[in-house]
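First the structure, in the form of structure tokens, and then the observations on it.
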Amino acid sequence: IGQPIDSFILSLSQIHEQDPALRAGEARFRNVLDNTRDLLYKLDLNTFTFDYFSPVAEDVTGFTPEELFALGFQGIRDRVHPDDQDAAGFAMAPEVSDDELSTQVEYRWKNKSGEYIWASENRTAIREKGRIVAVVGSFRDVTVAKRAERDIARIRGELQNMIDSMPSVLIGVDLEGRVTHWNREATRVSGREMSDAEGKPFYEAFPMLQDKRDRILSTIRAEAPYTEQFSVRDDDGKATHYDLIVYSLMQGGVEGAVNRVDDVSTRVQLEELM
């Protein structure tokens, strides 16, 4: 396994066999090389043949180093998911420039059992006289992390759908009062999209709460919610009545607050008639 690497180390050992420090350094190098959990490889770009695969190959891909050598460059490339061929960046050649070399890529790759895993690969070019003659790289299975990212994205989408379905204005803020969440009703009432509101102070993104700024900011760190009823008059003097409830979020690693604003004009009008 890894014959070129073995030959290199053997040659150094023969030349410097009387140097204990060198032998110790070689041993440490070989120990790191053989025990890293990433699959390490070296690809000769003149012949597009692999010179080395680390022993962990079977744990990562299901293939032994010998089987990967037998697959060869084309066989390994053919196992990349059809939709990820460009992302994998296998269009390498000795004339490629530093800007064109894909040094870090992620793509799906079919392992020995026939399942696609997510691979994260880091590559470094080896040059001779200005030409890239080889690539050394590491190949890591990041399938679990990718699934976690997908699950987080799904949960975020579900949460956004839930808050968008609420008839209330919902505005999430961090400890400094910057907008972190913004539902569809907040967009309708303010005329401002989430992309424009996110990261801005809530009182700038939602001017209706401008004069509530200090009270809301003080409530963010409080345990009890804050409630208030207020009115806003349009240019014709017509009043719209709102209920404001500020819920502090200071548990479970979440720090901030949710501002809920409800149009209660109909209720107020009925109360005035009674």
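So you can find residues: chains in the structure tokens are A, B, ... in the order shown, residues in each start at 1, and ligands are numbered from 1 in order.
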
**Spatial neighbours of A:Asp196, 10 Å, only C-alpha atoms, chain gap at least 5 places, as an NGL selection string** = :A and (179 or 187 or 205)

**Request:** Considering only C-alpha atoms, return as number ranges by chain whatever protein or nucleic-acid residues lie within 10 Å of A:Gln74, sequence-local ones (same chain, fewer than 2 positions apart) excluded.
**Result:** A: 48-49, 71-72, 76-79, 90

**Within 12 Å of A:Arg233 using only C-alpha atoms, minus same-chain residues under 6 positions, as a ChimeraX atom specification** = /A:208,239-242,265

**Request:** Apply DSSP to the structure's backbone, then extract all residues of stretch 93-203 of chain A labelled helix (DSSP H, G or I) and return them as a count of residues only.
**Result:** 35

**Prompt:** If we count only C-alpha atoms, what is near stretch 163-174 of chain A at a cut-off of 7 Å, once residues fewer than 6 positions away on the same chain are taken out, given as a list in words?
**Reply:**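 Using only C-alpha atoms, the neighbours found are Thr180, His181, Trp182, Asn183, Arg184, Glu185, Ala186, Glu255, Gly256, Ala257, Val258, Asn259, Arg260, Val261 and Asp262 of chain A.
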
**Asked** Near stretch 104-106 of chain A, counting only C-alpha atoms, which residues have an atom at most 7 Å away, once you skip same-chain residues fewer than 6 positions from it, shown as a PyMOL selection string?
**Response** chain A and resi 87-88+118-123

Could you write out the selected residues, including N, CA and C atoms, as a compact mmCIF listing (two decimals), in the first residue's frame?
```txt
# COMPACT_ATOMS: atom_id res chain seq x y z
N ALA A 87 -19.12 20.21 -9.97
CA ALA A 87 -18.77 20.62 -8.62
C ALA A 87 -17.53 19.89 -8.12
N ALA A 88 -17.36 18.64 -8.56
CA ALA A 88 -16.21 17.85 -8.11
C ALA A 88 -14.91 18.41 -8.64
N TRP A 118 -21.71 12.03 0.94
CA TRP A 118 -21.21 13.37 0.67
C TRP A 118 -19.73 13.41 1.01
N ALA A 119 -18.93 13.85 0.07
CA ALA A 119 -17.49 13.92 0.26
C ALA A 119 -17.04 15.38 0.28
N SER A 120 -16.15 15.67 1.20
CA SER A 120 -15.49 16.97 1.24
C SER A 120 -14.01 16.73 0.94
N GLU A 121 -13.51 17.41 -0.07
CA GLU A 121 -12.14 17.14 -0.52
C GLU A 121 -11.32 18.43 -0.53
N ASN A 122 -10.11 18.34 0.00
CA ASN A 122 -9.16 19.45 -0.03
C ASN A 122 -7.96 19.03 -0.87
N ARG A 123 -7.52 19.92 -1.76
CA ARG A 123 -6.44 19.59 -2.69
C ARG A 123 -5.33 20.63 -2.64
```
